[in-house]
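Trainee: Got a structure for you, questions after.
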Amino acid sequence: MTQEELDSLMNGGVDLNSLQTETAEDNQDDNNLTLQEVSMSDYKDNPTMVWPPPPPNQEHKVVHQLDDVTKDSEKKATEIMDKLESINIFFADSEALVGELNQVFDENIEIFSKLNEKFPNVESFSRILDLNKNIKKKSKEVIDNLQSGQDEVMMTMDAMQYQDIHRQKIERVINVMRALSRYMNSLFEGKIDDSKRVSSAVFIEGDTDTDTVSNDEIEALIASLGQK
């Protein structure tokens, strides 16, 4: 029996016989429902799934899980950003080293160019000159690759910023959920402590359980209310 039905009963607006018949039909419908066990692997929105959902333990508490997600996500993102920064430093240092080698190649090219002009018949001068020119050309390719690597690192860092935005969105969802939780707790807060409330029967007349509220008990309740 709902609170609304009990109020109507107290005001004389409900027929007890019809109420008992409706209650029995409702109980019969409830008995026809088969509760399906839900596991973590297949728990999802399903219109054919009957309650209950997973129990509110540590594994299923939504805010706890979201807090863990944001915490782990921020930790891993920080680690990745640190690694990317280290890679970028390695690229920059390597580019500087190649630049120093190019200075040596330029000096070798200058010296062996003069030697090759002065002694054109000396084959070794010509061979070493060509070797230094080829190495310098390849060193330029190395620098280009290092600079491309730096560009890729910077683009990866920019992409990681989107991951941080997603983390902030999750945190905003958590804040909204917590605000709603506090609001609902405040909305249903009562003046009387639950331990001091009058106990009530779980079942009423018409239920299959024997622990029911009989018609005599309902009439006694109405009579006692009328005396106050």
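Ligands are numbered from 1 in the order shown, chains are lettered A, B, ... in the order of the structure tokens, and residues start at 1 in each chain.
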Write out as a list in words which residues come within 10 Å of Ile80 (chain A) when counting only C-alpha atoms, dropping same-chain ones fewer than 6 positions away.

Mentor: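 My reading of the contact set: Glu74, Ser86, Thr156, Met157 and Met160 of chain A.
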
Trainee: Any chance you can output those residues with N, CA, C and O atoms as a PDB file, in the first residue's frame?

Mentor:
```pdb
ATOM      1  N   GLU A  74      45.785  11.482 -15.422  1.00  0.00           N
ATOM      2  CA  GLU A  74      46.682  12.623 -15.211  1.00  0.00           C
ATOM      3  C   GLU A  74      48.111  12.156 -14.950  1.00  0.00           C
ATOM      4  O   GLU A  74      49.073  12.745 -15.451  1.00  0.00           O
ATOM      5  N   SER A  86      61.940  14.804 -22.976  1.00  0.00           N
ATOM      6  CA  SER A  86      63.285  14.225 -23.013  1.00  0.00           C
ATOM      7  C   SER A  86      63.695  13.897 -24.452  1.00  0.00           C
ATOM      8  O   SER A  86      64.834  14.153 -24.860  1.00  0.00           O
ATOM      9  N   THR A 156      52.602  15.798 -31.010  1.00  0.00           N
ATOM     10  CA  THR A 156      52.138  14.833 -30.009  1.00  0.00           C
ATOM     11  C   THR A 156      51.793  15.536 -28.705  1.00  0.00           C
ATOM     12  O   THR A 156      50.800  15.211 -28.049  1.00  0.00           O
ATOM     13  N   MET A 157      52.597  16.508 -28.318  1.00  0.00           N
ATOM     14  CA  MET A 157      52.300  17.281 -27.112  1.00  0.00           C
ATOM     15  C   MET A 157      50.990  18.039 -27.258  1.00  0.00           C
ATOM     16  O   MET A 157      50.192  18.134 -26.303  1.00  0.00           O
ATOM     17  N   MET A 160      48.233  15.696 -26.742  1.00  0.00           N
ATOM     18  CA  MET A 160      48.048  15.363 -25.332  1.00  0.00           C
ATOM     19  C   MET A 160      47.222  16.414 -24.601  1.00  0.00           C
ATOM     20  O   MET A 160      46.605  16.125 -23.572  1.00  0.00           O
TER      21      MET A 160
END
```

Trainee: So that I can check the secondary structure, give me every residue of region 131-208 of chain A assigned alpha helix (DSSP H) by backbone DSSP, as a PyMOL selection string.

Mentor: chain A and resi 131-187

Trainee: Would you mind reading off the distance between CA of Ile87 (chain A) and CA of Ser148 (chain A), one decimal, in Å?

Mentor: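 Interatomic distance here is 12.4 Å.
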
Trainee: Restricting the calculation to only C-alpha atoms, which member of A:Glu117, A:Leu187, A:Gln163, A:Arg127 is positioned closest to Lys75 (chain A)?

Mentor: A:Gln163

Trainee: Excluding Arg172 (chain A) and any residue of its chain fewer than 6 positions from it, enumerate the residues within 12 Å of it, using only C-alpha atoms, and give them as a VMD selection string.

Mentor: chain A and resid 63 66 to 67 70 165 to 166 178 to 179

Trainee: Would you save the residues from that selection as a JSON list (two decimals), in the first residue's frame, using N, CA and C atoms?

Mentor:
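Contents of selection.json, as written:
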```json
[["chain", "number", "residue", "atom", "x", "y", "z"],
["A", 63, "VAL", "N", 31.44, 7.32, -8.95],
["A", 63, "VAL", "CA", 32.34, 8.44, -8.69],
["A", 63, "VAL", "C", 33.73, 7.93, -8.32],
["A", 66, "LEU", "N", 35.41, 7.01, -11.56],
["A", 66, "LEU", "CA", 35.78, 8.19, -12.33],
["A", 66, "LEU", "C", 36.96, 8.91, -11.69],
["A", 67, "ASP", "N", 36.99, 8.95, -10.36],
["A", 67, "ASP", "CA", 38.14, 9.55, -9.68],
["A", 67, "ASP", "C", 39.43, 8.79, -10.00],
["A", 70, "THR", "N", 40.50, 9.61, -13.67],
["A", 70, "THR", "CA", 41.13, 10.93, -13.82],
["A", 70, "THR", "C", 42.51, 10.96, -13.16],
["A", 165, "ILE", "N", 41.99, 17.93, -21.70],
["A", 165, "ILE", "CA", 40.64, 18.51, -21.76],
["A", 165, "ILE", "C", 39.60, 17.45, -21.42],
["A", 166, "HIS", "N", 39.78, 16.23, -21.94],
["A", 166, "HIS", "CA", 38.85, 15.14, -21.63],
["A", 166, "HIS", "C", 38.86, 14.84, -20.13],
["A", 178, "ARG", "N", 28.31, 14.92, -7.80],
["A", 178, "ARG", "CA", 28.41, 15.13, -6.37],
["A", 178, "ARG", "C", 27.44, 16.21, -5.91],
["A", 179, "ALA", "N", 27.29, 17.27, -6.72],
["A", 179, "ALA", "CA", 26.34, 18.32, -6.37],
["A", 179, "ALA", "C", 24.91, 17.78, -6.35]]
```

Trainee: Just the number, please: distance in Å from CA of Asn88 (chain A) to CA of Gly149 (chain A), one decimal.

Mentor: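 Computing it gives 7.9 Å between the two atoms.
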
Trainee: Using only C-alpha atoms, which of A:Leu97, A:Leu84, A:Ile111, A:Val176 sits nearest Val153 (chain A)?

Mentor: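 Looking at the shortest contact to Val153 (chain A), the residue is A:Leu84.
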
Trainee: Kindly indicate which residue among A:Lys133, A:Lys71, A:Arg182, A:Arg197 lies nearest to Ser113 (chain A), using only C-alpha atoms for the distances.

Mentor: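 Counting only C-alpha atoms, the residue closest to Ser113 (chain A) is A:Lys133.
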
Trainee: Write out as an MDAnalysis selection string which residues come within 12 Å of Glu110 (chain A) when counting only C-alpha atoms, dropping same-chain ones fewer than 3 positions away.

Mentor: chainID A and resid 103:107 113:117 125 128:130 132:133
